[in-house]
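Worksheet for the structure shown next.
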Amino acid sequence: MPASPCIFCKIAHGEIPARTVYRDDEVVAFHDVSPQAPVHILVIPVRHIVGMSALGPDDTGLAGRLVQVANEVAREAGIVANGFRLVVNDGADGGQSVPHLHFHVLGGRQLGWPPG
Ligand code: 5GP
Ligand code: ZN
């Protein structure tokens, strides 16, 4: 089988480097290469899933794990007390640029609202 061209699959399988902060068989978390806040961590499923809207009825356990790991890495990064944001961009209008599901964990500064 040819290697996946997906950059987040490559990170999930350790084929390209990332500043990984969490890893298990299902979920990997790593620092965003272009951070938009003092803490900007991406939480992804190891399995290639194009985006949040591609999650199926059998994926509720995985979706829960992604949220749980997002909370864990936020706690480890020390941003829970002051507050943080969990963002999932989905599709073109949602601003998704990498077509492999990822949760952004953002914090460490006052974040603006509404989003652009
Ligand atoms: P999106 O725009 O799809 O919601 O978010 C994609 C995120 O992935 C962006 O914040 C971007 O900076 C990050 N990103 C893209 N390529 C890489 C990479 O090779 N390594 C890491 N660590 N982050 C990446
Ligand atoms: Zn992928």
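Quick note on naming: the chains in the structure tokens go A, B, ... in the order shown, residues restart at 1 in each chain, and ligands are numbered from 1 in order of appearance.
Within stretch 5-77 of chain A, residues classed as alpha helix (DSSP H) by DSSP on backbone coordinates are Ile7, Phe8, Cys9, Lys10, Ile11, Ala12, Thr60, Gly61, Leu62, Ala63, Gly64, Arg65, Leu66, Val67, Gln68, Val69, Ala70, Asn71, Glu72, Val73, Ala74, Arg75, Glu76 and Ala77 of chain A.
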Contacts to ligand 2 at 10 Å cut-off (only C-alpha atoms and all ligand atoms) as a PDB file with N, CA and C atoms, in the first residue's frame:
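The result, written out as result33.pdb:
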ATOM      1  N   SER A   4       0.540   7.211   2.921  1.00  0.00           N
ATOM      2  CA  SER A   4      -0.456   8.277   2.838  1.00  0.00           C
ATOM      3  C   SER A   4       0.244   9.610   2.609  1.00  0.00           C
ATOM      4  N   PRO A   5      -0.297  10.444   1.702  1.00  0.00           N
ATOM      5  CA  PRO A   5       0.292  11.777   1.527  1.00  0.00           C
ATOM      6  C   PRO A   5      -0.126  12.751   2.625  1.00  0.00           C
ATOM      7  N   CYS A   6      -1.006  12.316   3.518  1.00  0.00           N
ATOM      8  CA  CYS A   6      -1.574  13.233   4.521  1.00  0.00           C
ATOM      9  C   CYS A   6      -0.529  13.576   5.577  1.00  0.00           C
ATOM     10  N   ILE A   7      -0.310  14.877   5.775  1.00  0.00           N
ATOM     11  CA  ILE A   7       0.741  15.321   6.699  1.00  0.00           C
ATOM     12  C   ILE A   7       0.444  14.904   8.135  1.00  0.00           C
ATOM     13  N   PHE A   8      -0.838  14.922   8.541  1.00  0.00           N
ATOM     14  CA  PHE A   8      -1.154  14.530   9.918  1.00  0.00           C
ATOM     15  C   PHE A   8      -1.095  13.016  10.095  1.00  0.00           C
ATOM     16  N   CYS A   9      -1.364  12.242   9.047  1.00  0.00           N
ATOM     17  CA  CYS A   9      -1.117  10.789   9.127  1.00  0.00           C
ATOM     18  C   CYS A   9       0.374  10.551   9.350  1.00  0.00           C
ATOM     19  N   LYS A  10       1.209  11.305   8.645  1.00  0.00           N
ATOM     20  CA  LYS A  10       2.663  11.129   8.798  1.00  0.00           C
ATOM     21  C   LYS A  10       3.095  11.469  10.220  1.00  0.00           C
ATOM     22  N   ILE A  11       2.542  12.542  10.782  1.00  0.00           N
ATOM     23  CA  ILE A  11       2.867  12.887  12.174  1.00  0.00           C
ATOM     24  C   ILE A  11       2.342  11.789  13.103  1.00  0.00           C
ATOM     25  N   ALA A  12       1.108  11.326  12.856  1.00  0.00           N
ATOM     26  CA  ALA A  12       0.511  10.299  13.729  1.00  0.00           C
ATOM     27  C   ALA A  12       1.346   9.027  13.731  1.00  0.00           C
ATOM     28  N   HIS A  13       1.983   8.719  12.602  1.00  0.00           N
ATOM     29  CA  HIS A  13       2.772   7.488  12.507  1.00  0.00           C
ATOM     30  C   HIS A  13       4.270   7.735  12.697  1.00  0.00           C
ATOM     31  N   ILE A  44      -5.362  14.969  17.419  1.00  0.00           N
ATOM     32  CA  ILE A  44      -5.848  14.283  16.209  1.00  0.00           C
ATOM     33  C   ILE A  44      -6.074  12.797  16.477  1.00  0.00           C
ATOM     34  N   PRO A  45      -6.995  12.192  15.711  1.00  0.00           N
ATOM     35  CA  PRO A  45      -7.079  10.725  15.747  1.00  0.00           C
ATOM     36  C   PRO A  45      -5.931  10.146  14.921  1.00  0.00           C
ATOM     37  N   VAL A  46      -5.400   9.000  15.345  1.00  0.00           N
ATOM     38  CA  VAL A  46      -4.371   8.325  14.546  1.00  0.00           C
ATOM     39  C   VAL A  46      -4.957   7.910  13.191  1.00  0.00           C
ATOM     40  N   ARG A  47      -6.191   7.443  13.220  1.00  0.00           N
ATOM     41  CA  ARG A  47      -6.866   7.023  11.983  1.00  0.00           C
ATOM     42  C   ARG A  47      -7.182   8.239  11.123  1.00  0.00           C
ATOM     43  N   HIS A  48      -7.014   8.102   9.828  1.00  0.00           N
ATOM     44  CA  HIS A  48      -7.323   9.214   8.921  1.00  0.00           C
ATOM     45  C   HIS A  48      -8.834   9.405   8.817  1.00  0.00           C
ATOM     46  N   ILE A  49      -9.311  10.521   9.364  1.00  0.00           N
ATOM     47  CA  ILE A  49     -10.716  10.929   9.247  1.00  0.00           C
ATOM     48  C   ILE A  49     -10.658  12.344   8.700  1.00  0.00           C
ATOM     49  N   VAL A  50     -11.383  12.599   7.623  1.00  0.00           N
ATOM     50  CA  VAL A  50     -11.202  13.853   6.884  1.00  0.00           C
ATOM     51  C   VAL A  50     -11.549  15.077   7.735  1.00  0.00           C
ATOM     52  N   GLY A  51     -12.578  14.972   8.534  1.00  0.00           N
ATOM     53  CA  GLY A  51     -12.964  16.118   9.358  1.00  0.00           C
ATOM     54  C   GLY A  51     -14.047  15.715  10.333  1.00  0.00           C
ATOM     55  N   VAL A  98      -6.100  21.477   6.661  1.00  0.00           N
ATOM     56  CA  VAL A  98      -5.519  20.121   6.635  1.00  0.00           C
ATOM     57  C   VAL A  98      -6.677  19.125   6.757  1.00  0.00           C
ATOM     58  N   PRO A  99      -6.895  18.304   5.711  1.00  0.00           N
ATOM     59  CA  PRO A  99      -8.066  17.422   5.706  1.00  0.00           C
ATOM     60  C   PRO A  99      -7.858  16.131   6.494  1.00  0.00           C
ATOM     61  N   HIS A 100      -7.477  16.290   7.751  1.00  0.00           N
ATOM     62  CA  HIS A 100      -7.398  15.185   8.726  1.00  0.00           C
ATOM     63  C   HIS A 100      -7.892  15.796  10.023  1.00  0.00           C
ATOM     64  N   LEU A 101      -8.955  15.233  10.577  1.00  0.00           N
ATOM     65  CA  LEU A 101      -9.605  15.809  11.763  1.00  0.00           C
ATOM     66  C   LEU A 101      -8.594  16.252  12.822  1.00  0.00           C
ATOM     67  N   HIS A 102      -8.759  17.475  13.319  1.00  0.00           N
ATOM     68  CA  HIS A 102      -7.901  17.963  14.397  1.00  0.00           C
ATOM     69  C   HIS A 102      -8.661  18.969  15.241  1.00  0.00           C
TER      70      HIS A 102
END
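Proximity ranking of A:Ala92, A:Val33, A:Val43, A:Ala81 relative to A:Gly64 places A:Val43 first, based on only C-alpha atoms.
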Could you tell me, counting only C-alpha atoms and all ligand atoms, which protein and nucleic acid residues lie no more than 8 Å from ligand 1, written as a PyMOL selection string? chain A and resi 7-8+11+16-19+30-36+42+87-90+94-100+102-104
Need to verify the contact set: A:Gly112, 12 Å, only C-alpha atoms, exclusion of same-chain residues closer than 5 positions in sequence. Can you return it as a list in words? Gln36, Ala37, Phe84, Arg85, Leu106 and Gly107 of chain A
For the strand (DSSP E) assignment from backbone DSSP, which residues of chain A qualify? Please present them as a VMD selection string. chain A and resid 20 to 23 27 to 31 39 to 45 84 to 87 103 to 107
Selection to disk with N, CA and C atoms, as a PDB file, in the first residue's frame:
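Output file result08.pdb is given in full below:
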ATOM      1  N   THR A  20       5.477  16.406  20.016  1.00  0.00           N
ATOM      2  CA  THR A  20       4.361  15.607  20.526  1.00  0.00           C
ATOM      3  C   THR A  20       4.266  15.724  22.047  1.00  0.00           C
ATOM      4  N   VAL A  21       3.039  15.936  22.534  1.00  0.00           N
ATOM      5  CA  VAL A  21       2.831  16.035  23.979  1.00  0.00           C
ATOM      6  C   VAL A  21       1.992  14.886  24.509  1.00  0.00           C
ATOM      7  N   TYR A  22       1.346  14.142  23.625  1.00  0.00           N
ATOM      8  CA  TYR A  22       0.536  12.995  24.065  1.00  0.00           C
ATOM      9  C   TYR A  22       0.436  12.006  22.911  1.00  0.00           C
ATOM     10  N   ARG A  23       0.467  10.742  23.239  1.00  0.00           N
ATOM     11  CA  ARG A  23       0.296   9.717  22.195  1.00  0.00           C
ATOM     12  C   ARG A  23      -0.258   8.441  22.815  1.00  0.00           C
ATOM     13  N   VAL A  27      -5.019   8.350  19.629  1.00  0.00           N
ATOM     14  CA  VAL A  27      -4.983   9.820  19.658  1.00  0.00           C
ATOM     15  C   VAL A  27      -3.549  10.312  19.817  1.00  0.00           C
ATOM     16  N   VAL A  28      -3.213  11.378  19.068  1.00  0.00           N
ATOM     17  CA  VAL A  28      -1.906  12.028  19.206  1.00  0.00           C
ATOM     18  C   VAL A  28      -2.147  13.527  19.373  1.00  0.00           C
ATOM     19  N   ALA A  29      -1.337  14.171  20.221  1.00  0.00           N
ATOM     20  CA  ALA A  29      -1.416  15.626  20.398  1.00  0.00           C
ATOM     21  C   ALA A  29      -0.019  16.208  20.248  1.00  0.00           C
ATOM     22  N   PHE A  30       0.061  17.333  19.530  1.00  0.00           N
ATOM     23  CA  PHE A  30       1.369  17.947  19.259  1.00  0.00           C
ATOM     24  C   PHE A  30       1.186  19.449  19.085  1.00  0.00           C
ATOM     25  N   HIS A  31       2.275  20.192  19.279  1.00  0.00           N
ATOM     26  CA  HIS A  31       2.221  21.643  19.127  1.00  0.00           C
ATOM     27  C   HIS A  31       2.034  22.026  17.666  1.00  0.00           C
ATOM     28  N   VAL A  39      -0.254  28.981  23.883  1.00  0.00           N
ATOM     29  CA  VAL A  39      -0.442  27.520  23.817  1.00  0.00           C
ATOM     30  C   VAL A  39      -1.331  27.229  22.614  1.00  0.00           C
ATOM     31  N   HIS A  40      -0.838  26.405  21.707  1.00  0.00           N
ATOM     32  CA  HIS A  40      -1.627  26.006  20.529  1.00  0.00           C
ATOM     33  C   HIS A  40      -1.232  24.565  20.202  1.00  0.00           C
ATOM     34  N   ILE A  41      -2.073  23.658  20.656  1.00  0.00           N
ATOM     35  CA  ILE A  41      -1.814  22.216  20.509  1.00  0.00           C
ATOM     36  C   ILE A  41      -2.910  21.620  19.641  1.00  0.00           C
ATOM     37  N   LEU A  42      -2.532  20.700  18.765  1.00  0.00           N
ATOM     38  CA  LEU A  42      -3.496  19.997  17.919  1.00  0.00           C
ATOM     39  C   LEU A  42      -3.690  18.589  18.455  1.00  0.00           C
ATOM     40  N   VAL A  43      -4.942  18.155  18.531  1.00  0.00           N
ATOM     41  CA  VAL A  43      -5.293  16.806  18.990  1.00  0.00           C
ATOM     42  C   VAL A  43      -5.948  16.090  17.821  1.00  0.00           C
ATOM     43  N   ILE A  44      -5.362  14.969  17.419  1.00  0.00           N
ATOM     44  CA  ILE A  44      -5.848  14.283  16.209  1.00  0.00           C
ATOM     45  C   ILE A  44      -6.074  12.797  16.477  1.00  0.00           C
ATOM     46  N   PRO A  45      -6.995  12.192  15.711  1.00  0.00           N
ATOM     47  CA  PRO A  45      -7.079  10.725  15.747  1.00  0.00           C
ATOM     48  C   PRO A  45      -5.931  10.146  14.921  1.00  0.00           C
ATOM     49  N   PHE A  84      -9.553  28.445  28.237  1.00  0.00           N
ATOM     50  CA  PHE A  84      -8.953  28.144  26.937  1.00  0.00           C
ATOM     51  C   PHE A  84     -10.066  27.877  25.934  1.00  0.00           C
ATOM     52  N   ARG A  85      -9.686  27.607  24.696  1.00  0.00           N
ATOM     53  CA  ARG A  85     -10.687  27.385  23.642  1.00  0.00           C
ATOM     54  C   ARG A  85     -10.365  26.114  22.880  1.00  0.00           C
ATOM     55  N   LEU A  86     -11.420  25.357  22.540  1.00  0.00           N
ATOM     56  CA  LEU A  86     -11.313  24.173  21.695  1.00  0.00           C
ATOM     57  C   LEU A  86     -12.001  24.514  20.375  1.00  0.00           C
ATOM     58  N   VAL A  87     -11.257  24.398  19.262  1.00  0.00           N
ATOM     59  CA  VAL A  87     -11.773  24.799  17.950  1.00  0.00           C
ATOM     60  C   VAL A  87     -11.630  23.641  16.976  1.00  0.00           C
ATOM     61  N   PHE A 103      -8.441  18.879  16.546  1.00  0.00           N
ATOM     62  CA  PHE A 103      -8.983  19.842  17.504  1.00  0.00           C
ATOM     63  C   PHE A 103      -7.849  20.794  17.857  1.00  0.00           C
ATOM     64  N   HIS A 104      -8.114  22.094  17.758  1.00  0.00           N
ATOM     65  CA  HIS A 104      -7.141  23.095  18.210  1.00  0.00           C
ATOM     66  C   HIS A 104      -7.399  23.381  19.691  1.00  0.00           C
ATOM     67  N   VAL A 105      -6.369  23.289  20.514  1.00  0.00           N
ATOM     68  CA  VAL A 105      -6.436  23.708  21.911  1.00  0.00           C
ATOM     69  C   VAL A 105      -5.640  25.007  22.007  1.00  0.00           C
ATOM     70  N   LEU A 106      -6.351  26.101  22.294  1.00  0.00           N
ATOM     71  CA  LEU A 106      -5.751  27.441  22.260  1.00  0.00           C
ATOM     72  C   LEU A 106      -5.890  28.111  23.619  1.00  0.00           C
ATOM     73  N   GLY A 107      -4.813  28.706  24.086  1.00  0.00           N
ATOM     74  CA  GLY A 107      -4.905  29.422  25.347  1.00  0.00           C
ATOM     75  C   GLY A 107      -3.622  30.148  25.676  1.00  0.00           C
TER      76      GLY A 107
END
Using only C-alpha atoms, can you tell me which of A:Gly83, A:Gly91, A:Gly78, A:Glu26 comes closest to A:Gly61? A:Glu26
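Atom CA of A:Ala77 sits 15.5 Å away from atom CA of A:Gln110.
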